[in-house]
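Student: So here's query-v1.txt (compact mmCIF, C-alpha atoms).
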# COMPACT_ATOMS: atom_id res chain seq x y z
CA MET A 213 8.19 -28.96 41.79
CA ASN A 214 4.94 -29.92 40.07
CA GLY A 215 3.27 -30.27 43.44
CA ILE A 216 4.37 -26.77 44.50
CA VAL A 217 3.79 -24.79 41.32
CA PRO A 218 0.24 -24.87 39.90
CA ALA A 219 0.02 -26.67 36.56
CA SER A 220 -1.43 -23.58 34.85
CA ILE A 221 1.74 -21.67 35.74
CA ALA A 222 4.23 -24.48 35.18
CA ARG A 223 3.10 -25.10 31.60
CA GLN A 224 3.66 -21.52 30.47
CA PRO A 225 6.56 -21.01 28.01
CA TRP A 226 8.87 -19.37 30.55
CA GLY A 227 11.86 -19.82 28.25
CA MET A 228 10.28 -17.10 26.09
CA LEU A 229 8.35 -15.13 28.70
CA ILE A 230 11.26 -14.41 31.06
CA PRO A 231 13.44 -12.90 28.27
CA LEU A 232 10.37 -10.97 27.10
CA PHE A 233 9.82 -9.55 30.61
CA LEU A 234 13.49 -8.53 30.77
CA LEU A 235 13.26 -6.81 27.39
CA VAL A 236 10.11 -4.88 28.36
CA ALA A 237 11.70 -3.85 31.67
CA PHE A 238 14.85 -2.73 29.83
CA GLY A 239 12.66 -0.78 27.43
CA ALA A 240 10.97 0.92 30.39
CA ALA A 241 14.39 1.93 31.73
CA VAL A 242 15.32 3.43 28.35
CA LEU A 243 11.98 5.29 28.20
CA TYR A 244 12.56 6.52 31.76
CA SER A 245 15.81 8.06 30.57
CA ALA A 246 14.23 9.41 27.36
CA ALA A 247 11.79 11.37 29.56
CA GLY A 248 14.67 12.99 31.42
CA GLY A 249 14.60 10.66 34.41
CA SER A 250 10.87 10.29 34.92
CA MET A 251 8.38 7.43 34.71
CA GLN A 252 5.95 9.85 33.07
CA PRO A 253 4.82 9.97 30.36
CA TYR A 254 6.51 7.04 28.64
CA ALA A 255 7.77 4.32 30.99
CA SER A 256 4.68 3.96 33.16
CA SER A 257 2.24 3.72 30.23
CA HIS A 258 4.65 1.33 28.49
CA LEU A 259 4.51 -1.08 31.43
CA ILE A 260 0.75 -0.71 31.90
CA ARG A 261 0.11 -1.44 28.23
CA PHE A 262 2.35 -4.47 28.31
CA PHE A 263 0.61 -6.07 31.28
CA VAL A 264 -2.85 -5.27 29.88
CA PHE A 265 -1.92 -6.81 26.54
CA LEU A 266 -0.25 -9.73 28.34
CA VAL A 267 -3.68 -10.58 29.77
CA MET A 268 -5.07 -10.32 26.24
CA ALA A 269 -2.30 -12.64 24.98
CA SER A 270 -3.16 -15.14 27.72
CA VAL A 271 -6.78 -15.12 26.59
CA ILE A 272 -5.70 -15.68 22.98
CA ALA A 273 -3.46 -18.55 24.11
CA SER A 274 -6.48 -20.34 25.58
CA LEU A 275 -8.57 -20.29 22.39
CA PRO A 276 -9.37 -23.67 20.79
CA ARG A 277 -8.29 -24.37 17.23
CA GLU A 278 -11.78 -24.77 15.76
CA PHE A 279 -12.97 -21.48 17.25
CA VAL A 280 -10.02 -19.64 15.72
CA LYS A 281 -10.74 -21.16 12.32
CA PHE A 282 -14.43 -20.26 12.62
CA MET A 283 -13.63 -16.61 13.41
CA THR A 284 -10.84 -16.12 10.87
CA TYR A 285 -12.76 -14.85 7.85
CA PRO A 286 -15.21 -12.74 9.92
CA ALA A 287 -12.21 -11.10 11.64
CA TYR A 288 -10.65 -10.28 8.26
CA VAL A 289 -13.90 -8.73 7.02
CA VAL A 290 -14.34 -6.67 10.21
CA VAL A 291 -10.79 -5.26 10.07
CA LEU A 292 -11.21 -4.53 6.35
CA ILE A 293 -14.41 -2.57 7.13
CA LEU A 294 -12.53 -0.67 9.84
CA LEU A 295 -9.85 0.25 7.29
CA MET A 296 -12.56 1.56 4.98
CA ALA A 297 -14.05 3.52 7.88
CA VAL A 298 -10.67 5.19 8.42
CA GLU A 299 -10.95 6.73 4.95
CA VAL A 300 -14.35 8.18 5.83
CA ILE A 301 -14.25 9.19 9.51
CA GLY A 302 -10.65 8.54 10.55
CA GLN A 303 -8.64 11.00 12.63
CA VAL A 304 -5.88 12.98 10.93
CA ASN A 305 -2.60 13.34 12.79
CA GLY A 306 0.72 14.47 11.33
CA GLY A 307 -0.70 14.56 7.83
CA SER A 308 -1.87 10.94 7.96
CA GLN A 309 -5.37 9.55 8.42
CA ARG A 310 -4.85 6.26 10.25
CA TRP A 311 -6.93 6.22 13.45
CA LEU A 312 -10.49 5.64 14.59
CA ASP A 313 -11.76 7.27 17.76
CA LEU A 314 -13.93 4.63 19.44
CA GLY A 315 -14.56 6.72 22.54
CA PHE A 316 -12.83 4.42 25.01
CA MET A 317 -9.70 4.17 22.85
CA VAL A 318 -8.09 5.38 19.64
CA LEU A 319 -7.59 2.40 17.33
CA GLN A 320 -5.27 2.01 14.34
CA PRO A 321 -6.99 -0.75 12.31
CA SER A 322 -4.00 -1.24 10.02
CA GLU A 323 -2.07 -2.65 12.99
CA LEU A 324 -4.73 -5.31 13.50
CA MET A 325 -4.48 -6.34 9.87
CA LYS A 326 -0.87 -7.50 10.31
CA PRO A 327 -1.71 -10.57 12.42
CA VAL A 328 -5.17 -10.99 10.85
CA ILE A 329 -3.77 -11.38 7.32
CA VAL A 330 -1.43 -14.10 8.61
CA ILE A 331 -4.25 -16.06 10.23
CA THR A 332 -6.49 -15.59 7.18
CA LEU A 333 -3.93 -16.89 4.69
CA ALA A 334 -2.91 -19.72 7.02
CA PHE A 335 -6.54 -20.85 7.13
CA PHE A 336 -6.95 -20.45 3.37
CA TYR A 337 -3.93 -22.59 2.53
CA SER A 338 -4.76 -25.17 5.20
CA SER A 339 -8.12 -25.78 3.53
CA LEU A 340 -6.74 -25.69 -0.02
CA PRO A 341 -6.07 -29.18 -1.49
CA VAL A 342 -2.37 -29.82 -1.95
CA GLY A 343 -2.93 -30.50 -5.63
CA LEU A 344 -4.09 -26.90 -6.15
CA ILE A 345 -1.09 -25.24 -4.49
CA ALA A 346 0.44 -24.46 -7.90
CA SER A 347 -2.84 -23.28 -9.44
CA TRP A 348 -4.07 -19.73 -10.08
CA ARG A 349 -6.43 -20.06 -7.10
CA ALA A 350 -3.48 -20.38 -4.73
CA LEU A 351 -2.07 -17.08 -5.99
CA LEU A 352 -4.89 -14.79 -7.09
CA ILE A 353 -7.26 -15.17 -4.14
CA PRO A 354 -4.57 -14.64 -1.44
CA GLY A 355 -3.09 -11.88 -3.60
CA ALA A 356 -6.43 -10.08 -3.51
CA MET A 357 -6.70 -10.67 0.24
CA ILE A 358 -3.36 -8.93 0.68
CA GLY A 359 -3.89 -6.28 -1.99
CA LEU A 360 -7.14 -4.88 -0.58
CA PRO A 361 -5.80 -3.88 2.87
CA VAL A 362 -2.44 -2.82 1.44
CA SER A 363 -4.19 -0.45 -0.97
CA LEU A 364 -6.31 1.03 1.82
CA VAL A 365 -3.28 1.51 4.08
CA LEU A 366 -1.31 3.19 1.27
CA LEU A 367 -4.12 5.73 0.99
CA GLN A 368 -3.61 6.82 4.61
CA PRO A 369 -0.61 7.06 3.65
CA ASP A 370 1.44 4.51 5.64
CA LEU A 371 4.14 2.81 3.62
CA GLY A 372 5.72 0.98 6.56
CA THR A 373 2.52 -0.72 7.69
CA SER A 374 1.54 -1.66 4.14
CA LEU A 375 4.94 -3.31 3.67
CA ALA A 376 4.50 -5.17 6.97
CA ILE A 377 1.12 -6.54 5.87
CA ALA A 378 2.53 -7.59 2.49
CA PHE A 379 5.58 -9.18 4.12
CA GLY A 380 3.59 -11.27 6.60
CA GLY A 381 1.22 -12.44 3.89
CA GLY A 382 4.06 -13.12 1.47
CA VAL A 383 5.91 -15.28 3.99
CA VAL A 384 2.79 -17.41 4.55
CA MET A 385 2.41 -17.83 0.78
CA LEU A 386 6.05 -18.86 0.43
CA LEU A 387 5.91 -21.35 3.29
CA ALA A 388 2.61 -22.74 2.01
CA GLY A 389 4.57 -24.16 -0.90
CA LEU A 390 3.81 -21.86 -3.82
CA PRO A 391 6.34 -22.32 -6.65
CA LEU A 392 9.52 -20.37 -5.98
CA LYS A 393 9.59 -19.16 -9.59
CA TRP A 394 6.48 -17.10 -8.87
CA PHE A 395 8.31 -15.18 -6.16
CA VAL A 396 11.40 -14.75 -8.35
CA SER A 397 9.23 -13.43 -11.17
CA GLY A 398 7.38 -11.15 -8.76
CA GLY A 399 10.65 -9.81 -7.37
CA ALA A 400 11.98 -9.14 -10.87
CA ALA A 401 8.75 -7.36 -11.82
CA ALA A 402 8.90 -5.25 -8.65
CA ALA A 403 12.52 -4.32 -9.35
CA ALA A 404 11.62 -3.29 -12.90
CA ALA A 405 8.68 -1.24 -11.65
CA ALA A 406 10.66 0.36 -8.79
CA PRO A 407 11.49 3.58 -10.71
CA LEU A 408 7.83 4.07 -11.66
CA ILE A 409 6.73 3.37 -8.09
CA PHE A 410 9.32 5.82 -6.77
CA PHE A 411 8.40 8.71 -9.05
CA PHE A 412 4.64 8.20 -9.35
CA GLY A 413 3.61 6.05 -6.37
CA LEU A 414 5.43 7.66 -3.44
CA GLN A 415 4.68 10.96 -1.74
CA ASP A 416 7.35 13.69 -1.87
CA TYR A 417 8.39 13.08 1.75
CA GLN A 418 8.66 9.34 1.08
CA GLN A 419 10.92 9.99 -1.91
CA ARG A 420 13.16 12.19 0.25
CA ARG A 421 13.40 9.44 2.87
CA VAL A 422 14.50 6.93 0.26
CA MET A 423 17.14 9.28 -1.17
CA THR A 424 18.37 10.03 2.35
CA MET A 425 19.33 6.38 2.75
CA PHE A 426 21.80 6.69 -0.15
CA ASP A 427 23.12 10.17 0.64
CA PRO A 428 22.40 11.19 4.25
CA GLU A 429 24.67 14.23 4.02
CA ALA A 430 22.66 15.79 1.18
CA ASP A 431 20.13 17.43 3.51
CA PRO A 432 21.60 17.30 7.05
CA LEU A 433 19.07 19.74 8.53
CA GLY A 434 16.06 18.34 6.64
CA ALA A 435 15.23 14.82 5.52
CA SER A 436 18.61 13.45 6.68
CA TYR A 437 18.43 14.92 10.18
CA HIS A 438 16.85 11.86 11.84
CA ILE A 439 19.39 9.40 10.47
CA ILE A 440 22.43 11.59 11.15
CA GLN A 441 21.44 12.16 14.78
CA SER A 442 20.64 8.47 15.22
CA LYS A 443 24.08 7.48 13.94
CA ILE A 444 25.75 10.02 16.23
CA ALA A 445 23.85 8.63 19.23
CA ILE A 446 24.68 5.01 18.42
CA GLY A 447 28.32 5.71 17.63
CA SER A 448 28.92 7.87 20.70
CA GLY A 449 27.82 5.04 22.98
CA GLY A 450 30.93 3.00 22.22
CA ILE A 451 31.21 -0.39 23.88
CA PHE A 452 29.80 0.32 27.35
CA GLY A 453 27.77 3.48 26.70
CA LYS A 454 27.70 6.83 28.46
CA GLY A 455 25.78 5.45 31.42
CA PHE A 456 22.16 5.23 32.42
CA ASN A 457 20.30 8.54 32.11
CA ASN A 458 23.36 10.24 30.62
CA GLY A 459 22.45 10.30 26.94
CA SER A 460 23.13 13.79 25.63
CA GLN A 461 21.59 13.28 22.17
CA SER A 462 18.17 12.41 23.57
CA HIS A 463 18.26 14.62 26.67
CA LEU A 464 19.28 17.70 24.67
CA GLN A 465 16.59 16.84 22.09
CA TYR A 466 18.96 16.41 19.16
CA LEU A 467 17.57 12.91 18.53
CA PRO A 468 14.00 13.04 17.16
CA GLU A 469 11.47 10.54 18.52
CA PRO A 470 13.87 9.07 21.12
CA HIS A 471 11.00 7.18 22.76
CA THR A 472 9.40 5.61 19.65
CA ASP A 473 11.08 4.99 16.29
CA PHE A 474 14.60 5.78 17.52
CA VAL A 475 14.47 4.16 20.95
CA PHE A 476 17.31 1.81 19.96
CA ALA A 477 19.56 4.82 19.33
CA THR A 478 18.59 6.20 22.75
CA MET A 479 19.49 2.86 24.31
CA ALA A 480 22.76 2.44 22.39
CA GLU A 481 24.01 5.88 23.46
CA GLU A 482 23.62 5.03 27.15
CA TRP A 483 24.26 1.26 27.14
CA GLY A 484 26.62 0.96 24.18
CA LEU A 485 27.43 -2.18 22.24
CA ILE A 486 26.75 -4.33 25.30
CA GLY A 487 23.18 -3.06 25.50
CA GLY A 488 22.69 -3.60 21.79
CA LEU A 489 23.93 -7.19 22.01
CA PHE A 490 21.56 -7.83 24.92
CA VAL A 491 18.59 -6.58 22.89
CA LEU A 492 19.58 -8.67 19.86
CA ALA A 493 20.10 -11.75 22.05
CA VAL A 494 16.63 -11.45 23.58
CA PHE A 495 15.01 -10.96 20.19
CA SER A 496 16.88 -14.03 18.93
CA ILE A 497 15.55 -16.11 21.84
CA ILE A 498 11.95 -15.00 21.19
CA LEU A 499 12.16 -15.58 17.44
CA ARG A 500 13.86 -18.95 17.82
CA TRP A 501 11.21 -20.07 20.29
CA GLY A 502 8.47 -18.97 17.91
CA TRP A 503 10.08 -20.79 14.98
CA ASN A 504 10.37 -23.97 17.06
CA VAL A 505 6.67 -23.67 17.88
CA ALA A 506 5.93 -23.46 14.15
CA ARG A 507 8.10 -26.49 13.38
CA ALA A 508 6.43 -28.54 16.10
CA ALA A 509 2.91 -27.63 14.98
CA GLN A 510 0.43 -30.46 14.53
CA ASP A 511 -1.18 -29.33 11.28
CA ARG A 512 -0.71 -27.04 8.32
CA PHE A 513 -2.91 -24.27 9.71
CA SER A 514 -1.01 -24.11 13.00
CA SER A 515 2.43 -24.21 11.38
CA LEU A 516 1.66 -21.45 8.87
CA LEU A 517 -0.02 -19.33 11.54
CA ALA A 518 2.96 -19.57 13.90
CA ALA A 519 5.54 -18.99 11.16
CA GLY A 520 3.64 -15.94 9.92
CA MET A 521 3.54 -14.46 13.41
CA VAL A 522 7.28 -14.93 13.76
CA ALA A 523 7.76 -13.22 10.39
CA THR A 524 5.62 -10.26 11.52
CA ILE A 525 7.67 -9.71 14.68
CA PHE A 526 10.88 -10.15 12.68
CA PHE A 527 9.79 -7.50 10.18
CA TYR A 528 9.34 -4.96 12.99
CA ILE A 529 12.76 -5.74 14.43
CA ALA A 530 14.69 -5.86 11.15
CA VAL A 531 13.21 -2.70 9.61
CA ASN A 532 13.56 -0.64 12.80
CA LEU A 533 17.19 -1.62 13.36
CA LEU A 534 18.09 -1.08 9.70
CA MET A 535 16.30 2.27 9.81
CA VAL A 536 18.06 3.67 12.89
CA MET A 537 21.44 2.64 11.46
CA GLY A 538 20.76 4.27 8.10
CA PHE A 539 20.40 1.11 6.02
CA ALA A 540 16.67 1.58 5.33
CA PRO A 541 14.40 4.61 4.83
CA VAL A 542 12.63 6.06 7.84
CA VAL A 543 9.21 4.43 7.63
CA GLY A 544 7.89 4.79 11.17
CA ILE A 545 8.27 1.18 12.34
CA PRO A 546 8.79 1.05 16.15
CA LEU A 547 11.00 -1.48 17.94
CA PRO A 548 8.87 -4.27 19.48
CA PHE A 549 8.49 -4.31 23.28
CA MET A 550 10.80 -1.31 23.73
CA SER A 551 9.28 1.62 21.83
CA HIS A 552 6.51 3.64 23.41
CA GLY A 553 3.29 3.11 21.50
CA GLY A 554 0.06 1.23 22.09
CA SER A 555 -0.58 0.10 18.50
CA SER A 556 2.81 -1.56 18.14
CA MET A 557 2.52 -3.25 21.52
CA LEU A 558 -0.98 -4.47 20.63
CA THR A 559 0.16 -6.05 17.35
CA ASN A 560 3.22 -7.74 18.77
CA MET A 561 1.39 -9.06 21.81
CA ILE A 562 -1.29 -10.51 19.52
CA CYS A 563 1.56 -12.30 17.73
CA ILE A 564 2.95 -13.53 21.06
CA GLY A 565 -0.51 -14.67 22.15
CA ALA A 566 -1.01 -16.53 18.85
CA LEU A 567 2.35 -18.27 19.27
CA MET A 568 1.44 -19.24 22.84
CA MET A 569 -1.86 -20.54 21.49
CA VAL A 570 -0.16 -22.79 18.92
CA ASN A 571 2.32 -23.88 21.60
CA SER A 572 -0.63 -24.87 23.79
CA TRP A 573 -2.14 -26.86 20.90
CA ASN A 574 1.20 -28.61 20.44
CA ARG A 575 1.41 -29.55 24.11
CA SER A 576 -2.14 -30.83 24.31
CA ASN A 577 -1.81 -33.19 21.35
CA PRO A 578 1.79 -33.62 20.17
CA ARG A 579 2.43 -35.58 17.00
CA GLY A 580 6.12 -35.12 16.50
CA GLY A 581 5.94 -31.92 14.46
CA LEU A 582 5.50 -30.88 10.87
CA SER A 583 8.94 -29.51 10.11
CA GLY A 584 8.47 -30.38 6.45
CA ALA A 585 5.28 -28.30 6.20
CA ILE A 586 7.12 -25.05 6.49
Turn the structure described in the file into structure tokens.
Tutor:
Amino acid sequence: MNGIVPASIARQPWGMLIPLFLLVAFGAAVLYSAAGGSMQPYASSHLIRFFVFLVMASVIASLPREFVKFMTYPAYVVVLILLMAVEVIGQVNGGSQRWLDLGFMVLQPSELMKPVIVITLAFFYSSLPVGLIASWRALLIPGAMIGLPVSLVLLQPDLGTSLAIAFGGGVVMLLAGLPLKWFVSGGAAAAAAAPLIFFFGLQDYQQRRVMTMFDPEADPLGASYHIIQSKIAIGSGGIFGKGFNNGSQSHLQYLPEPHTDFVFATMAEEWGLIGGLFVLAVFSIILRWGWNVARAAQDRFSSLLAAGMVATIFFYIAVNLLMVMGFAPVVGIPLPFMSHGGSSMLTNMICIGALMMVNSWNRSNPRGGLSGAI
């Protein structure tokens, strides 16, 4: 087999890539149905974006470790400047100011910060002496690195993305070995401050979304409409679904955003429980592969980088699925590799490329893994 298949192809992580291809193709089929049985405008652009970003992920996978370390802090500074530029010259859409028009593309810098914060903190902790891991330096400096972009993203306002940045950074801090009592204390402080954050930190529409989670019937034609229609779509699919291209909730436009945030509900209506289990199984394969890459990493930087990328993808999946089922507020987090949207696909394919990169480092110089490092 090695003599038939070129080595560059044979060494690719096909155990992850083949399930990923199946998931993207399944997502294209769901988007085809969401458009009323047409490849335009969702399915075709979904596939094109995936293959373009797959090339990008392949380029990332080929980067050497020292080059990535050298570019880490400059990349963080550049993305931070882009976030500041959003506040000055960013485009406004739907009441939010999140995008930069670069001429050849419209960029959402906050999406780039999700993987960049992971790489930045992984590099920081890899170069921090182990004896200082319980010192103020291990907490305050990374805390500021996370706090700056989170504050800028909250100004846009974009609660979902700010939580994603904080989650990815927090996971890296936890796995780096910071004392668990710090996280327990931080969680207790956040819980105590939750009422103040709710009443004085959230916008009116964000407060309504939170309250909708607890009482979706309170405003069925207003803030609760998205969740109610999503539940109807998921529940009506039953075990085997209504059949491909036969989803009434999405086709009759009862289900808002059937091609982006609520694409899982669109899928579940037509493919039922079986389709949902397939999606969860593929996500499990991808996440498990990524976690194994992190455990097999050769050094602290690689292991933290890979684990943080897995956490970022997991955050997308968990929040979106909880959201469409009514267990979390609607925060505008799309479902990876299935929802229509360039920014989400870009972020998640950067994560995939970074995991392939660490996997390549592992293969080129295996040492038996650092399972204890994470």
Student: Do you know which residues lie at most 12 Å from (9.5, 0.3, 21.2), with coordinates as in the file and all atoms listed in the file counted, and could you write them as JSON, numbers by chain?
Tutor: {"A": [235, 236, 237, 238, 239, 240, 241, 242, 243, 246, 254, 255, 258, 259, 261, 262, 469, 470, 471, 472, 473, 474, 475, 476, 477, 478, 479, 491, 528, 529, 532, 533, 544, 545, 546, 547, 548, 549, 550, 551, 552, 553, 554, 555, 556, 557, 558, 559, 560]}
Student: Please measure the separation of atom CA of A:Phe265 and atom CA of A:Pro327, giving the value in Å to one decimal.
Tutor: 14.6 Å
Student: Hey, what's within 9 Å of stretch 381-387 of chain A if we count all atoms listed in the file and toss same-chain stuff fewer than 3 positions away? As a list in words, please?
Tutor: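 The residues that qualify are Lys326, Ile329, Val330, Thr332, Leu333, Ala334, Tyr337, Ala350, Leu351, Pro354, Gly355, Met357, Ile358, Ala376, Ile377, Ala378, Leu390, Pro391, Leu392, Phe395, Leu516, Leu517, Ala519, Gly520, Ala523, Ala585 and Ile586 of chain A.
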Student: Those same residues - C-alpha atoms - I'd like them written as a JSON list (two decimals), keeping the file's coordinate frame.
Tutor:
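In the end it all went to part16.json:
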[["chain", "number", "residue", "atom", "x", "y", "z"],
["A", 326, "LYS", "CA", -0.87, -7.50, 10.31],
["A", 329, "ILE", "CA", -3.77, -11.38, 7.32],
["A", 330, "VAL", "CA", -1.43, -14.10, 8.61],
["A", 332, "THR", "CA", -6.49, -15.59, 7.18],
["A", 333, "LEU", "CA", -3.93, -16.89, 4.69],
["A", 334, "ALA", "CA", -2.91, -19.72, 7.02],
["A", 337, "TYR", "CA", -3.93, -22.59, 2.53],
["A", 350, "ALA", "CA", -3.48, -20.38, -4.73],
["A", 351, "LEU", "CA", -2.07, -17.08, -5.99],
["A", 354, "PRO", "CA", -4.57, -14.64, -1.44],
["A", 355, "GLY", "CA", -3.09, -11.88, -3.60],
["A", 357, "MET", "CA", -6.70, -10.67, 0.24],
["A", 358, "ILE", "CA", -3.36, -8.93, 0.68],
["A", 376, "ALA", "CA", 4.50, -5.17, 6.97],
["A", 377, "ILE", "CA", 1.12, -6.54, 5.87],
["A", 378, "ALA", "CA", 2.53, -7.59, 2.49],
["A", 390, "LEU", "CA", 3.81, -21.86, -3.82],
["A", 391, "PRO", "CA", 6.34, -22.32, -6.65],
["A", 392, "LEU", "CA", 9.52, -20.37, -5.98],
["A", 395, "PHE", "CA", 8.31, -15.18, -6.16],
["A", 516, "LEU", "CA", 1.66, -21.45, 8.87],
["A", 517, "LEU", "CA", -0.02, -19.33, 11.54],
["A", 519, "ALA", "CA", 5.54, -18.99, 11.16],
["A", 520, "GLY", "CA", 3.64, -15.94, 9.92],
["A", 523, "ALA", "CA", 7.76, -13.22, 10.39],
["A", 585, "ALA", "CA", 5.28, -28.30, 6.20],
["A", 586, "ILE", "CA", 7.12, -25.05, 6.49]]
Student: Grab the atom CA of A:Ala518 to atom CA of A:Val365 distance for me, in Å with one decimal place.
Tutor: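 Between these atoms lies a distance of 24.1 Å.
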Student: Which one is closest to A:Val280: A:Asn577, A:Ile331, A:Val494, A:Asp416? Count all atoms listed in the file.
Tutor: A:Ile331
Student: Neighbourhood query: residues within 12 Å of (10.8, -21.1, 16.0), file coordinates, counting only C-alpha atoms; return as number ranges by chain.
Tutor: A: 228, 495-509, 515-523, 525-526, 567-568, 570-571, 581, 583, 586
Student: Applying 12 Å and all atoms listed in the file, which residues near A:Val290 remain after dropping the ones on its own chain fewer than 2 positions away? List them as an NGL selection string.
Tutor: :A and (283-288 or 292-297 or 321-322 or 324-325 or 328-329 or 361)
Student: Got a sec: who's within 10 Å of A:Leu312, counting all atoms listed in the file, leaving out chain neighbours fewer than 3 positions off, as a ChimeraX atom specification?
Tutor: /A:294-295,297-304,309,315,317-321
Student: Find, counting only C-alpha atoms, the residue in A:Leu352, A:Ala346, A:Val536, A:Leu360 that gets nearest to A:Gln441.
Tutor: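 That would be A:Val536, the residue with the smallest distance to A:Gln441.
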Student: Can you work out the spacing between atom CA of A:Val271 and atom CA of A:Gly565 in Å, to one decimal?
Tutor: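 Going from atom CA of A:Val271 over to atom CA of A:Gly565, I get 7.7 Å.
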Student: Rebuild N, CA, C and O atoms on stretch 565-578 of chain A, as a compact mmCIF listing (two decimals), in the frame of the given file?
Tutor:
# COMPACT_ATOMS: atom_id res chain seq x y z
N GLY A 565 0.62 -13.88 21.71
CA GLY A 565 -0.51 -14.67 22.15
C GLY A 565 -0.83 -15.79 21.18
O GLY A 565 -1.14 -16.92 21.59
N ALA A 566 -0.75 -15.50 19.86
CA ALA A 566 -1.01 -16.53 18.85
C ALA A 566 0.04 -17.64 18.92
O ALA A 566 -0.28 -18.82 18.77
N LEU A 567 1.29 -17.27 19.14
CA LEU A 567 2.35 -18.27 19.27
C LEU A 567 2.15 -19.11 20.52
O LEU A 567 2.35 -20.34 20.50
N MET A 568 1.75 -18.48 21.63
CA MET A 568 1.44 -19.24 22.84
C MET A 568 0.25 -20.16 22.61
O MET A 568 0.21 -21.28 23.17
N MET A 569 -0.69 -19.72 21.81
CA MET A 569 -1.86 -20.54 21.49
C MET A 569 -1.44 -21.80 20.72
O MET A 569 -1.86 -22.91 21.08
N VAL A 570 -0.63 -21.64 19.69
CA VAL A 570 -0.16 -22.79 18.92
C VAL A 570 0.70 -23.70 19.81
O VAL A 570 0.61 -24.93 19.73
N ASN A 571 1.51 -23.09 20.67
CA ASN A 571 2.32 -23.88 21.60
C ASN A 571 1.43 -24.72 22.52
O ASN A 571 1.75 -25.87 22.82
N SER A 572 0.32 -24.14 22.95
CA SER A 572 -0.63 -24.87 23.79
C SER A 572 -1.26 -26.02 23.01
O SER A 572 -1.43 -27.12 23.55
N TRP A 573 -1.60 -25.77 21.74
CA TRP A 573 -2.14 -26.86 20.90
C TRP A 573 -1.12 -27.97 20.76
O TRP A 573 -1.48 -29.16 20.81
N ASN A 574 0.14 -27.60 20.59
CA ASN A 574 1.20 -28.61 20.44
C ASN A 574 1.32 -29.47 21.69
O ASN A 574 1.51 -30.69 21.61
N ARG A 575 1.25 -28.83 22.84
CA ARG A 575 1.41 -29.55 24.11
C ARG A 575 0.23 -30.46 24.40
O ARG A 575 0.40 -31.54 24.99
N SER A 576 -0.95 -30.05 23.99
CA SER A 576 -2.14 -30.83 24.31
C SER A 576 -2.28 -32.08 23.45
O SER A 576 -2.90 -33.06 23.86
N ASN A 577 -1.67 -32.05 22.25
CA ASN A 577 -1.81 -33.19 21.35
C ASN A 577 -0.61 -33.30 20.43
O ASN A 577 -0.71 -33.09 19.21
N PRO A 578 0.58 -33.58 20.99
CA PRO A 578 1.79 -33.62 20.17
C PRO A 578 1.78 -34.80 19.19
O PRO A 578 1.30 -35.88 19.51
